Amino acid sequence: EEDEAALEELLAPSPLAPGPGAQRVAVVHPAVKWGPQKSPLTTAELQIAEAVALVDTLQNWTILDKIIIPTKNPNKKFVFGKGNFQVLTEKIKKLPHVTAVFLNVERISSLTKKELEGAWGVPVFDRYTVVLHIFRCNARTKEAKLQVALAEIPLLRSNLKNEVSQRDQQRGGSRYIMGSGETFLETQNRVLKERELKIRNALEKLRRKRALLRTQRRKCEFPMVSVMGYTNCGKTTLIKALTGEAGLQPRDQLFATLDITAHAGYLPSHMPVIYVDTIGFLTDLPHNLVESFSATLEEVAYSDLIVHVRDITHPETILQKATVLSVLRNLNLPSHLLDSMVEVHNKVDLIERYKPAEENALAVSALHGHGLEELKQEIERKILTATGKKILTVNINLEGPQLSWLYKEATVQEVEVMPEDGTARVKVIIGSSAFGRYKSLFPNSEISMS
């Protein structure tokens, strides 16, 4: 009960949340025209479209205006040059009842935030804040909520510095809290450190619980397939199509899936397999936002295969692929997982006569079922290689215990009975450890590879 109470305290409403009320937002994109910060794989129009899609994900948030303003260096104090900043400020001031500005950059410093809010008279959010708020709204389980709370810590630290500098300007004099020998900053930093430690400990407990479930799955020898991709590429729709699970309700929005969820399906040989749905990726996601969700993503390292789903209709599909591969490489996954990855080009029903340019990619429409059989066959082929499972035909005596043993320890596909001599030919999928046990228990059994 103490643990539960401590957990509830950590999951209390965040002081950083913009609140449940409506927001009327101006979306501002600083367009880098040249230099190392300009991405060759996208345009300012596509970047602001993604920013708009993020805002559209949030209930009661409406967009008053979308503004693209050029800049040479988005990292400077006011983000834009003097003239452009003045033009932008006038535009924002003219907007009716504007309540916030979403500046489409990865992260702004507390100093820049303070200056911009002073100039525009409304709160300013960056991608970190907006994505974190989407996570906050979509988090369903304790683990997802704890990961959001962990990702908030850097923002709380940044806000604290701001608060301290304001106090110093207003008050001057002693910065120590009476009788404690600690400054206000030291006290608050200590409180934050303790909070971070508590969250990490709570996440570690949940991680151990998940590891236990994983061990149980391993004992059953169910192969695991992690389905990954850029946010809103159709991962959940694909898993629903592969498993036929009626309860899965894909949502057409960014970051609809924050928690790892597992779904059972069958491959063409009737081999059971577990598909794992994972959090989607996004470009320019700050490192510690990804890091707080790495506990969720660690499940991927234990899978037998990764299926990388791409929305092939998206104008930034190449940039999205690069983003996903970059995150996967940073997760330090075993090299065989990255080498054996299956690439799926989804939503091909929206492109006439689509043919993948990439050699080993498979074209599918998760919504209409196109290409799913080929995909299942490819998954099965790779799973058999990755797990060392074999498809065998064994001759058995029907009076002996072999058939019931095979049903218990392997996946029986076909049983062809020969009534004249009381035997049967049984086609099975069997893991290497179970196969070893079978050979030692029934040394005289006839076995042939299928």
# chains A, B, ... in the order shown; residues from 1 in each chain; ligands from 1

call {"tool": "residues_around", "arguments": {"residues": "Val28 in chain A", "least_positions_apart": "6", "cutoff": "12 Å", "atoms": "only C-alpha atoms", "output": "PDB file with all heavy atoms, in the first residue's frame"}}
result
ATOM      1  N   ALA A  44      10.343  23.406 -45.716  1.00  0.00           N
ATOM      2  CA  ALA A  44       9.702  24.146 -44.613  1.00  0.00           C
ATOM      3  C   ALA A  44       8.199  23.853 -44.579  1.00  0.00           C
ATOM      4  O   ALA A  44       7.601  23.719 -43.511  1.00  0.00           O
ATOM      5  CB  ALA A  44       9.935  25.645 -44.789  1.00  0.00           C
ATOM      6  N   GLU A  45       7.587  23.699 -45.779  1.00  0.00           N
ATOM      7  CA  GLU A  45       6.140  23.430 -45.855  1.00  0.00           C
ATOM      8  C   GLU A  45       5.797  22.075 -45.220  1.00  0.00           C
ATOM      9  O   GLU A  45       4.806  21.948 -44.500  1.00  0.00           O
ATOM     10  CB  GLU A  45       5.665  23.447 -47.323  1.00  0.00           C
ATOM     11  CG  GLU A  45       5.617  24.827 -47.964  1.00  0.00           C
ATOM     12  CD  GLU A  45       7.008  25.437 -48.217  1.00  0.00           C
ATOM     13  OE1 GLU A  45       7.987  24.660 -48.398  1.00  0.00           O
ATOM     14  OE2 GLU A  45       7.105  26.672 -48.214  1.00  0.00           O
ATOM     15  N   GLN A  47       7.662  20.509 -42.983  1.00  0.00           N
ATOM     16  CA  GLN A  47       7.970  20.580 -41.545  1.00  0.00           C
ATOM     17  C   GLN A  47       6.843  21.254 -40.764  1.00  0.00           C
ATOM     18  O   GLN A  47       6.482  20.809 -39.674  1.00  0.00           O
ATOM     19  CB  GLN A  47       9.298  21.317 -41.328  1.00  0.00           C
ATOM     20  CG  GLN A  47      10.504  20.457 -41.720  1.00  0.00           C
ATOM     21  CD  GLN A  47      11.808  21.233 -41.647  1.00  0.00           C
ATOM     22  OE1 GLN A  47      11.975  22.261 -42.308  1.00  0.00           O
ATOM     23  NE2 GLN A  47      12.735  20.763 -40.848  1.00  0.00           N
ATOM     24  N   ILE A  48       6.283  22.321 -41.339  1.00  0.00           N
ATOM     25  CA  ILE A  48       5.184  22.997 -40.619  1.00  0.00           C
ATOM     26  C   ILE A  48       3.919  22.131 -40.669  1.00  0.00           C
ATOM     27  O   ILE A  48       3.123  22.130 -39.730  1.00  0.00           O
ATOM     28  CB  ILE A  48       4.926  24.439 -41.140  1.00  0.00           C
ATOM     29  CG1 ILE A  48       4.218  25.271 -40.032  1.00  0.00           C
ATOM     30  CG2 ILE A  48       4.153  24.479 -42.444  1.00  0.00           C
ATOM     31  CD1 ILE A  48       4.215  26.767 -40.255  1.00  0.00           C
ATOM     32  N   ALA A  49       3.768  21.332 -41.735  1.00  0.00           N
ATOM     33  CA  ALA A  49       2.608  20.415 -41.817  1.00  0.00           C
ATOM     34  C   ALA A  49       2.672  19.393 -40.683  1.00  0.00           C
ATOM     35  O   ALA A  49       1.638  19.049 -40.083  1.00  0.00           O
ATOM     36  CB  ALA A  49       2.590  19.712 -43.174  1.00  0.00           C
ATOM     37  N   GLU A  50       3.891  18.905 -40.357  1.00  0.00           N
ATOM     38  CA  GLU A  50       4.010  17.952 -39.250  1.00  0.00           C
ATOM     39  C   GLU A  50       3.716  18.642 -37.912  1.00  0.00           C
ATOM     40  O   GLU A  50       3.077  18.063 -37.031  1.00  0.00           O
ATOM     41  CB  GLU A  50       5.402  17.325 -39.213  1.00  0.00           C
ATOM     42  CG  GLU A  50       5.487  16.232 -38.162  1.00  0.00           C
ATOM     43  CD  GLU A  50       6.755  15.395 -38.238  1.00  0.00           C
ATOM     44  OE1 GLU A  50       7.786  15.833 -37.693  1.00  0.00           O
ATOM     45  OE2 GLU A  50       6.708  14.317 -38.837  1.00  0.00           O
ATOM     46  N   ALA A  51       4.151  19.895 -37.773  1.00  0.00           N
ATOM     47  CA  ALA A  51       3.864  20.654 -36.549  1.00  0.00           C
ATOM     48  C   ALA A  51       2.355  20.831 -36.380  1.00  0.00           C
ATOM     49  O   ALA A  51       1.813  20.697 -35.276  1.00  0.00           O
ATOM     50  CB  ALA A  51       4.555  22.011 -36.603  1.00  0.00           C
ATOM     51  N   VAL A  52       1.678  21.105 -37.485  1.00  0.00           N
ATOM     52  CA  VAL A  52       0.213  21.260 -37.456  1.00  0.00           C
ATOM     53  C   VAL A  52      -0.444  19.935 -37.052  1.00  0.00           C
ATOM     54  O   VAL A  52      -1.379  19.906 -36.247  1.00  0.00           O
ATOM     55  CB  VAL A  52      -0.293  21.737 -38.848  1.00  0.00           C
ATOM     56  CG1 VAL A  52      -1.798  21.567 -38.984  1.00  0.00           C
ATOM     57  CG2 VAL A  52       0.105  23.191 -39.074  1.00  0.00           C
ATOM     58  N   VAL A  55      -0.310  19.503 -33.319  1.00  0.00           N
ATOM     59  CA  VAL A  55      -1.309  20.326 -32.611  1.00  0.00           C
ATOM     60  C   VAL A  55      -2.711  19.732 -32.797  1.00  0.00           C
ATOM     61  O   VAL A  55      -3.515  19.691 -31.859  1.00  0.00           O
ATOM     62  CB  VAL A  55      -1.248  21.798 -33.086  1.00  0.00           C
ATOM     63  CG1 VAL A  55      -2.373  22.619 -32.453  1.00  0.00           C
ATOM     64  CG2 VAL A  55       0.103  22.422 -32.743  1.00  0.00           C
ATOM     65  N   ILE A  63      -5.752  25.970 -34.418  1.00  0.00           N
ATOM     66  CA  ILE A  63      -4.653  26.729 -35.028  1.00  0.00           C
ATOM     67  C   ILE A  63      -5.217  28.004 -35.641  1.00  0.00           C
ATOM     68  O   ILE A  63      -6.117  27.951 -36.492  1.00  0.00           O
ATOM     69  CB  ILE A  63      -3.926  25.862 -36.082  1.00  0.00           C
ATOM     70  CG1 ILE A  63      -3.219  24.702 -35.360  1.00  0.00           C
ATOM     71  CG2 ILE A  63      -2.931  26.687 -36.870  1.00  0.00           C
ATOM     72  CD1 ILE A  63      -2.703  23.619 -36.244  1.00  0.00           C
ATOM     73  N   LEU A  64      -4.693  29.139 -35.194  1.00  0.00           N
ATOM     74  CA  LEU A  64      -5.141  30.430 -35.727  1.00  0.00           C
ATOM     75  C   LEU A  64      -4.369  30.798 -36.984  1.00  0.00           C
ATOM     76  O   LEU A  64      -4.908  31.400 -37.897  1.00  0.00           O
ATOM     77  CB  LEU A  64      -4.950  31.539 -34.677  1.00  0.00           C
ATOM     78  CG  LEU A  64      -5.789  31.457 -33.396  1.00  0.00           C
ATOM     79  CD1 LEU A  64      -5.487  32.643 -32.510  1.00  0.00           C
ATOM     80  CD2 LEU A  64      -7.278  31.435 -33.727  1.00  0.00           C
ATOM     81  N   ASP A  65      -3.074  30.437 -37.003  1.00  0.00           N
ATOM     82  CA  ASP A  65      -2.248  30.810 -38.162  1.00  0.00           C
ATOM     83  C   ASP A  65      -1.011  29.919 -38.241  1.00  0.00           C
ATOM     84  O   ASP A  65      -0.543  29.414 -37.216  1.00  0.00           O
ATOM     85  CB  ASP A  65      -1.807  32.281 -38.029  1.00  0.00           C
ATOM     86  CG  ASP A  65      -1.414  32.885 -39.394  1.00  0.00           C
ATOM     87  OD1 ASP A  65      -1.518  32.162 -40.412  1.00  0.00           O
ATOM     88  OD2 ASP A  65      -1.016  34.065 -39.418  1.00  0.00           O
ATOM     89  N   LYS A  66      -0.531  29.704 -39.467  1.00  0.00           N
ATOM     90  CA  LYS A  66       0.722  28.958 -39.699  1.00  0.00           C
ATOM     91  C   LYS A  66       1.689  29.943 -40.353  1.00  0.00           C
ATOM     92  O   LYS A  66       1.379  30.488 -41.424  1.00  0.00           O
ATOM     93  CB  LYS A  66       0.482  27.774 -40.643  1.00  0.00           C
ATOM     94  CG  LYS A  66      -0.498  26.756 -40.107  1.00  0.00           C
ATOM     95  CD  LYS A  66      -0.810  25.675 -41.122  1.00  0.00           C
ATOM     96  CE  LYS A  66      -1.656  26.213 -42.249  1.00  0.00           C
ATOM     97  NZ  LYS A  66      -2.185  25.167 -43.143  1.00  0.00           N
ATOM     98  N   ILE A  67       2.815  30.160 -39.707  1.00  0.00           N
ATOM     99  CA  ILE A  67       3.743  31.196 -40.193  1.00  0.00           C
ATOM    100  C   ILE A  67       5.127  30.582 -40.409  1.00  0.00           C
ATOM    101  O   ILE A  67       5.711  29.996 -39.492  1.00  0.00           O
ATOM    102  CB  ILE A  67       3.843  32.369 -39.164  1.00  0.00           C
ATOM    103  CG1 ILE A  67       2.444  32.892 -38.804  1.00  0.00           C
ATOM    104  CG2 ILE A  67       4.733  33.478 -39.701  1.00  0.00           C
ATOM    105  CD1 ILE A  67       2.385  33.741 -37.537  1.00  0.00           C
ATOM    106  N   ILE A  68       5.649  30.725 -41.638  1.00  0.00           N
ATOM    107  CA  ILE A  68       7.030  30.299 -41.919  1.00  0.00           C
ATOM    108  C   ILE A  68       7.873  31.564 -42.026  1.00  0.00           C
ATOM    109  O   ILE A  68       7.574  32.456 -42.823  1.00  0.00           O
ATOM    110  CB  ILE A  68       7.104  29.488 -43.242  1.00  0.00           C
ATOM    111  CG1 ILE A  68       6.318  28.171 -43.099  1.00  0.00           C
ATOM    112  CG2 ILE A  68       8.551  29.197 -43.617  1.00  0.00           C
ATOM    113  CD1 ILE A  68       6.181  27.377 -44.389  1.00  0.00           C
ATOM    114  N   ILE A  69       8.919  31.653 -41.200  1.00  0.00           N
ATOM    115  CA  ILE A  69       9.794  32.839 -41.204  1.00  0.00           C
ATOM    116  C   ILE A  69      11.237  32.357 -41.387  1.00  0.00           C
ATOM    117  O   ILE A  69      11.692  31.473 -40.652  1.00  0.00           O
ATOM    118  CB  ILE A  69       9.684  33.622 -39.868  1.00  0.00           C
ATOM    119  CG1 ILE A  69       8.263  34.173 -39.679  1.00  0.00           C
ATOM    120  CG2 ILE A  69      10.707  34.728 -39.775  1.00  0.00           C
ATOM    121  CD1 ILE A  69       8.004  35.559 -40.204  1.00  0.00           C
ATOM    122  N   PRO A  70      11.979  32.929 -42.347  1.00  0.00           N
ATOM    123  CA  PRO A  70      13.366  32.480 -42.558  1.00  0.00           C
ATOM    124  C   PRO A  70      14.295  32.908 -41.422  1.00  0.00           C
ATOM    125  O   PRO A  70      14.064  33.929 -40.768  1.00  0.00           O
ATOM    126  CB  PRO A  70      13.782  33.154 -43.877  1.00  0.00           C
ATOM    127  CG  PRO A  70      12.706  34.104 -44.233  1.00  0.00           C
ATOM    128  CD  PRO A  70      11.565  33.966 -43.288  1.00  0.00           C
ATOM    129  N   THR A  71      15.317  32.098 -41.184  1.00  0.00           N
ATOM    130  CA  THR A  71      16.352  32.437 -40.199  1.00  0.00           C
ATOM    131  C   THR A  71      17.677  31.813 -40.624  1.00  0.00           C
ATOM    132  O   THR A  71      17.687  30.780 -41.278  1.00  0.00           O
ATOM    133  CB  THR A  71      15.965  31.937 -38.789  1.00  0.00           C
ATOM    134  OG1 THR A  71      17.004  32.279 -37.876  1.00  0.00           O
ATOM    135  CG2 THR A  71      15.787  30.427 -38.741  1.00  0.00           C
ATOM    136  N   PRO A  74      18.674  29.266 -35.961  1.00  0.00           N
ATOM    137  CA  PRO A  74      17.559  29.187 -35.002  1.00  0.00           C
ATOM    138  C   PRO A  74      18.008  29.039 -33.551  1.00  0.00           C
ATOM    139  O   PRO A  74      17.186  29.028 -32.647  1.00  0.00           O
ATOM    140  CB  PRO A  74      16.799  27.930 -35.460  1.00  0.00           C
ATOM    141  CG  PRO A  74      17.790  27.129 -36.229  1.00  0.00           C
ATOM    142  CD  PRO A  74      18.786  28.078 -36.802  1.00  0.00           C
ATOM    143  N   VAL A  79      15.928  33.668 -31.926  1.00  0.00           N
ATOM    144  CA  VAL A  79      15.691  32.685 -32.995  1.00  0.00           C
ATOM    145  C   VAL A  79      15.803  33.299 -34.385  1.00  0.00           C
ATOM    146  O   VAL A  79      16.437  32.735 -35.284  1.00  0.00           O
ATOM    147  CB  VAL A  79      14.326  31.942 -32.848  1.00  0.00           C
ATOM    148  CG1 VAL A  79      14.164  30.862 -33.906  1.00  0.00           C
ATOM    149  CG2 VAL A  79      14.196  31.345 -31.450  1.00  0.00           C
ATOM    150  N   PHE A  80      15.204  34.503 -34.575  1.00  0.00           N
ATOM    151  CA  PHE A  80      15.196  35.140 -35.892  1.00  0.00           C
ATOM    152  C   PHE A  80      16.063  36.405 -35.889  1.00  0.00           C
ATOM    153  O   PHE A  80      16.398  36.938 -34.837  1.00  0.00           O
ATOM    154  CB  PHE A  80      13.755  35.534 -36.277  1.00  0.00           C
ATOM    155  CG  PHE A  80      12.799  34.376 -36.211  1.00  0.00           C
ATOM    156  CD1 PHE A  80      12.047  34.133 -35.061  1.00  0.00           C
ATOM    157  CD2 PHE A  80      12.667  33.501 -37.282  1.00  0.00           C
ATOM    158  CE1 PHE A  80      11.179  33.060 -34.987  1.00  0.00           C
ATOM    159  CE2 PHE A  80      11.798  32.422 -37.219  1.00  0.00           C
ATOM    160  CZ  PHE A  80      11.054  32.199 -36.074  1.00  0.00           C
ATOM    161  N   PHE A  85      12.040  39.187 -36.804  1.00  0.00           N
ATOM    162  CA  PHE A  85      11.435  39.047 -35.479  1.00  0.00           C
ATOM    163  C   PHE A  85      10.347  40.100 -35.278  1.00  0.00           C
ATOM    164  O   PHE A  85       9.280  39.811 -34.736  1.00  0.00           O
ATOM    165  CB  PHE A  85      12.502  39.168 -34.382  1.00  0.00           C
ATOM    166  CG  PHE A  85      11.950  38.920 -33.006  1.00  0.00           C
ATOM    167  CD1 PHE A  85      11.643  37.623 -32.590  1.00  0.00           C
ATOM    168  CD2 PHE A  85      11.695  39.971 -32.130  1.00  0.00           C
ATOM    169  CE1 PHE A  85      11.099  37.381 -31.328  1.00  0.00           C
ATOM    170  CE2 PHE A  85      11.154  39.731 -30.876  1.00  0.00           C
ATOM    171  CZ  PHE A  85      10.863  38.430 -30.470  1.00  0.00           C
ATOM    172  N   LEU A  88       7.275  39.128 -37.335  1.00  0.00           N
ATOM    173  CA  LEU A  88       6.589  38.016 -36.676  1.00  0.00           C
ATOM    174  C   LEU A  88       5.811  38.497 -35.453  1.00  0.00           C
ATOM    175  O   LEU A  88       4.652  38.112 -35.244  1.00  0.00           O
ATOM    176  CB  LEU A  88       7.626  36.948 -36.269  1.00  0.00           C
ATOM    177  CG  LEU A  88       7.113  35.736 -35.500  1.00  0.00           C
ATOM    178  CD1 LEU A  88       6.053  34.987 -36.303  1.00  0.00           C
ATOM    179  CD2 LEU A  88       8.252  34.789 -35.158  1.00  0.00           C
ATOM    180  N   THR A  89       6.444  39.352 -34.637  1.00  0.00           N
ATOM    181  CA  THR A  89       5.796  39.878 -33.424  1.00  0.00           C
ATOM    182  C   THR A  89       4.513  40.623 -33.784  1.00  0.00           C
ATOM    183  O   THR A  89       3.468  40.438 -33.143  1.00  0.00           O
ATOM    184  CB  THR A  89       6.767  40.786 -32.638  1.00  0.00           C
ATOM    185  OG1 THR A  89       7.926  40.016 -32.315  1.00  0.00           O
ATOM    186  CG2 THR A  89       6.153  41.315 -31.359  1.00  0.00           C
ATOM    187  N   LYS A  91       2.642  40.162 -36.444  1.00  0.00           N
ATOM    188  CA  LYS A  91       1.654  39.167 -36.909  1.00  0.00           C
ATOM    189  C   LYS A  91       0.962  38.499 -35.720  1.00  0.00           C
ATOM    190  O   LYS A  91      -0.255  38.328 -35.701  1.00  0.00           O
ATOM    191  CB  LYS A  91       2.353  38.084 -37.750  1.00  0.00           C
ATOM    192  CG  LYS A  91       2.446  38.417 -39.215  1.00  0.00           C
ATOM    193  CD  LYS A  91       2.853  37.183 -40.013  1.00  0.00           C
ATOM    194  CE  LYS A  91       2.705  37.452 -41.505  1.00  0.00           C
ATOM    195  NZ  LYS A  91       2.835  36.268 -42.332  1.00  0.00           N
ATOM    196  N   ILE A  92       1.770  38.093 -34.724  1.00  0.00           N
ATOM    197  CA  ILE A  92       1.223  37.393 -33.555  1.00  0.00           C
ATOM    198  C   ILE A  92       0.298  38.313 -32.765  1.00  0.00           C
ATOM    199  O   ILE A  92      -0.787  37.915 -32.333  1.00  0.00           O
ATOM    200  CB  ILE A  92       2.357  36.829 -32.661  1.00  0.00           C
ATOM    201  CG1 ILE A  92       3.059  35.664 -33.392  1.00  0.00           C
ATOM    202  CG2 ILE A  92       1.842  36.351 -31.309  1.00  0.00           C
ATOM    203  CD1 ILE A  92       4.372  35.229 -32.783  1.00  0.00           C
ATOM    204  N   ALA A 100      -1.307  30.968 -27.242  1.00  0.00           N
ATOM    205  CA  ALA A 100       0.019  30.339 -27.191  1.00  0.00           C
ATOM    206  C   ALA A 100       0.659  30.361 -28.571  1.00  0.00           C
ATOM    207  O   ALA A 100      -0.031  30.464 -29.601  1.00  0.00           O
ATOM    208  CB  ALA A 100      -0.095  28.897 -26.706  1.00  0.00           C
ATOM    209  N   VAL A 101       1.988  30.252 -28.573  1.00  0.00           N
ATOM    210  CA  VAL A 101       2.743  30.110 -29.827  1.00  0.00           C
ATOM    211  C   VAL A 101       3.491  28.780 -29.759  1.00  0.00           C
ATOM    212  O   VAL A 101       4.124  28.465 -28.747  1.00  0.00           O
ATOM    213  CB  VAL A 101       3.749  31.269 -30.026  1.00  0.00           C
ATOM    214  CG1 VAL A 101       4.662  31.006 -31.222  1.00  0.00           C
ATOM    215  CG2 VAL A 101       3.013  32.590 -30.206  1.00  0.00           C
ATOM    216  N   PHE A 102       3.381  27.977 -30.832  1.00  0.00           N
ATOM    217  CA  PHE A 102       4.162  26.745 -30.944  1.00  0.00           C
ATOM    218  C   PHE A 102       5.296  27.022 -31.916  1.00  0.00           C
ATOM    219  O   PHE A 102       5.090  27.172 -33.105  1.00  0.00           O
ATOM    220  CB  PHE A 102       3.272  25.593 -31.431  1.00  0.00           C
ATOM    221  CG  PHE A 102       4.014  24.312 -31.770  1.00  0.00           C
ATOM    222  CD1 PHE A 102       5.278  24.040 -31.248  1.00  0.00           C
ATOM    223  CD2 PHE A 102       3.443  23.361 -32.602  1.00  0.00           C
ATOM    224  CE1 PHE A 102       5.957  22.864 -31.550  1.00  0.00           C
ATOM    225  CE2 PHE A 102       4.105  22.175 -32.912  1.00  0.00           C
ATOM    226  CZ  PHE A 102       5.369  21.934 -32.393  1.00  0.00           C
ATOM    227  N   LEU A 103       6.508  27.144 -31.352  1.00  0.00           N
ATOM    228  CA  LEU A 103       7.697  27.379 -32.172  1.00  0.00           C
ATOM    229  C   LEU A 103       8.274  26.014 -32.553  1.00  0.00           C
ATOM    230  O   LEU A 103       8.699  25.248 -31.681  1.00  0.00           O
ATOM    231  CB  LEU A 103       8.713  28.200 -31.359  1.00  0.00           C
ATOM    232  CG  LEU A 103       9.917  28.753 -32.116  1.00  0.00           C
ATOM    233  CD1 LEU A 103       9.499  29.744 -33.198  1.00  0.00           C
ATOM    234  CD2 LEU A 103      10.883  29.432 -31.154  1.00  0.00           C
ATOM    235  N   ASN A 104       8.282  25.706 -33.838  1.00  0.00           N
ATOM    236  CA  ASN A 104       8.612  24.350 -34.292  1.00  0.00           C
ATOM    237  C   ASN A 104      10.126  24.103 -34.316  1.00  0.00           C
ATOM    238  O   ASN A 104      10.724  23.911 -35.360  1.00  0.00           O
ATOM    239  CB  ASN A 104       7.993  24.111 -35.681  1.00  0.00           C
ATOM    240  CG  ASN A 104       8.079  22.651 -36.083  1.00  0.00           C
ATOM    241  OD1 ASN A 104       8.026  21.760 -35.244  1.00  0.00           O
ATOM    242  ND2 ASN A 104       8.231  22.394 -37.368  1.00  0.00           N
ATOM    243  N   VAL A 105      10.726  24.135 -33.113  1.00  0.00           N
ATOM    244  CA  VAL A 105      12.143  23.751 -32.951  1.00  0.00           C
ATOM    245  C   VAL A 105      12.194  22.684 -31.858  1.00  0.00           C
ATOM    246  O   VAL A 105      11.293  22.599 -31.022  1.00  0.00           O
ATOM    247  CB  VAL A 105      13.053  24.947 -32.562  1.00  0.00           C
ATOM    248  CG1 VAL A 105      13.118  25.967 -33.666  1.00  0.00           C
ATOM    249  CG2 VAL A 105      12.611  25.589 -31.254  1.00  0.00           C
ATOM    250  N   VAL A 124       5.052  30.170 -24.786  1.00  0.00           N
ATOM    251  CA  VAL A 124       5.679  29.656 -26.013  1.00  0.00           C
ATOM    252  C   VAL A 124       6.060  28.195 -25.776  1.00  0.00           C
ATOM    253  O   VAL A 124       6.745  27.873 -24.804  1.00  0.00           O
ATOM    254  CB  VAL A 124       6.929  30.496 -26.389  1.00  0.00           C
ATOM    255  CG1 VAL A 124       7.626  29.900 -27.615  1.00  0.00           C
ATOM    256  CG2 VAL A 124       6.526  31.946 -26.667  1.00  0.00           C
ATOM    257  N   PHE A 125       5.603  27.319 -26.658  1.00  0.00           N
ATOM    258  CA  PHE A 125       5.913  25.886 -26.570  1.00  0.00           C
ATOM    259  C   PHE A 125       6.862  25.492 -27.691  1.00  0.00           C
ATOM    260  O   PHE A 125       6.759  26.012 -28.804  1.00  0.00           O
ATOM    261  CB  PHE A 125       4.627  25.026 -26.702  1.00  0.00           C
ATOM    262  CG  PHE A 125       3.547  25.381 -25.724  1.00  0.00           C
ATOM    263  CD1 PHE A 125       2.239  25.597 -26.151  1.00  0.00           C
ATOM    264  CD2 PHE A 125       3.819  25.487 -24.370  1.00  0.00           C
ATOM    265  CE1 PHE A 125       1.235  25.920 -25.256  1.00  0.00           C
ATOM    266  CE2 PHE A 125       2.824  25.792 -23.458  1.00  0.00           C
ATOM    267  CZ  PHE A 125       1.525  26.020 -23.903  1.00  0.00           C
ATOM    268  N   ASP A 126       7.798  24.562 -27.391  1.00  0.00           N
ATOM    269  CA  ASP A 126       8.645  23.986 -28.446  1.00  0.00           C
ATOM    270  C   ASP A 126       8.167  22.549 -28.702  1.00  0.00           C
ATOM    271  O   ASP A 126       7.191  22.087 -28.111  1.00  0.00           O
ATOM    272  CB  ASP A 126      10.125  24.027 -28.044  1.00  0.00           C
ATOM    273  CG  ASP A 126      10.364  23.424 -26.660  1.00  0.00           C
ATOM    274  OD1 ASP A 126       9.514  22.630 -26.207  1.00  0.00           O
ATOM    275  OD2 ASP A 126      11.391  23.735 -26.029  1.00  0.00           O
ATOM    276  N   ARG A 127       8.872  21.816 -29.591  1.00  0.00           N
ATOM    277  CA  ARG A 127       8.444  20.445 -29.924  1.00  0.00           C
ATOM    278  C   ARG A 127       8.480  19.534 -28.688  1.00  0.00           C
ATOM    279  O   ARG A 127       7.618  18.691 -28.500  1.00  0.00           O
ATOM    280  CB  ARG A 127       9.363  19.854 -31.013  1.00  0.00           C
ATOM    281  CG  ARG A 127       8.966  20.261 -32.400  1.00  0.00           C
ATOM    282  CD  ARG A 127      10.014  19.848 -33.404  1.00  0.00           C
ATOM    283  NE  ARG A 127       9.874  18.481 -33.870  1.00  0.00           N
ATOM    284  CZ  ARG A 127       9.122  18.090 -34.890  1.00  0.00           C
ATOM    285  NH1 ARG A 127       8.394  18.983 -35.541  1.00  0.00           N
ATOM    286  NH2 ARG A 127       9.069  16.833 -35.266  1.00  0.00           N
TER     287      ARG A 127
END

call {"tool": "select_by_dssp", "arguments": {"residues": "range 297-336 of chain A", "states": "strand (DSSP E or B)", "output": "PyMOL selection string"}}
result
chain A and resi 305-311

call {"tool": "write_last_selection", "arguments": {"atoms": "N, CA, C and O atoms", "output": "PDB file, in the first residue's frame"}}
result
ATOM      1  N   LEU A 305      12.633 -10.810 -34.491  1.00  0.00           N
ATOM      2  CA  LEU A 305      12.590 -10.138 -35.795  1.00  0.00           C
ATOM      3  C   LEU A 305      11.988  -8.753 -35.629  1.00  0.00           C
ATOM      4  O   LEU A 305      11.112  -8.552 -34.790  1.00  0.00           O
ATOM      5  N   ILE A 306      12.477  -7.793 -36.436  1.00  0.00           N
ATOM      6  CA  ILE A 306      11.876  -6.454 -36.472  1.00  0.00           C
ATOM      7  C   ILE A 306      11.212  -6.272 -37.833  1.00  0.00           C
ATOM      8  O   ILE A 306      11.813  -6.562 -38.871  1.00  0.00           O
ATOM      9  N   VAL A 307       9.960  -5.797 -37.817  1.00  0.00           N
ATOM     10  CA  VAL A 307       9.281  -5.407 -39.056  1.00  0.00           C
ATOM     11  C   VAL A 307       9.195  -3.877 -39.032  1.00  0.00           C
ATOM     12  O   VAL A 307       8.615  -3.295 -38.122  1.00  0.00           O
ATOM     13  N   HIS A 308       9.829  -3.236 -40.030  1.00  0.00           N
ATOM     14  CA  HIS A 308       9.840  -1.768 -40.108  1.00  0.00           C
ATOM     15  C   HIS A 308       8.765  -1.336 -41.108  1.00  0.00           C
ATOM     16  O   HIS A 308       8.869  -1.595 -42.305  1.00  0.00           O
ATOM     17  N   VAL A 309       7.711  -0.688 -40.588  1.00  0.00           N
ATOM     18  CA  VAL A 309       6.579  -0.267 -41.433  1.00  0.00           C
ATOM     19  C   VAL A 309       6.792   1.180 -41.874  1.00  0.00           C
ATOM     20  O   VAL A 309       7.076   2.047 -41.052  1.00  0.00           O
ATOM     21  N   ARG A 310       6.640   1.417 -43.184  1.00  0.00           N
ATOM     22  CA  ARG A 310       6.760   2.782 -43.711  1.00  0.00           C
ATOM     23  C   ARG A 310       5.458   3.199 -44.385  1.00  0.00           C
ATOM     24  O   ARG A 310       4.846   2.402 -45.095  1.00  0.00           O
ATOM     25  N   ASP A 311       5.047   4.443 -44.154  1.00  0.00           N
ATOM     26  CA  ASP A 311       3.932   5.009 -44.922  1.00  0.00           C
ATOM     27  C   ASP A 311       4.542   5.509 -46.221  1.00  0.00           C
ATOM     28  O   ASP A 311       5.147   6.574 -46.278  1.00  0.00           O
TER      29      ASP A 311
END

call {"tool": "residues_around", "arguments": {"residues": "Asn346 in chain A", "least_positions_apart": "2", "cutoff": "8 Å", "atoms": "only C-alpha atoms", "output": "list of chain:residue names"}}
result
A:Cys233, A:Gly234, A:Val309, A:Arg310, A:Asp311, A:Ile312, A:Val344, A:Val348, A:Ala363, A:Val364, A:Ser365, A:Ala366
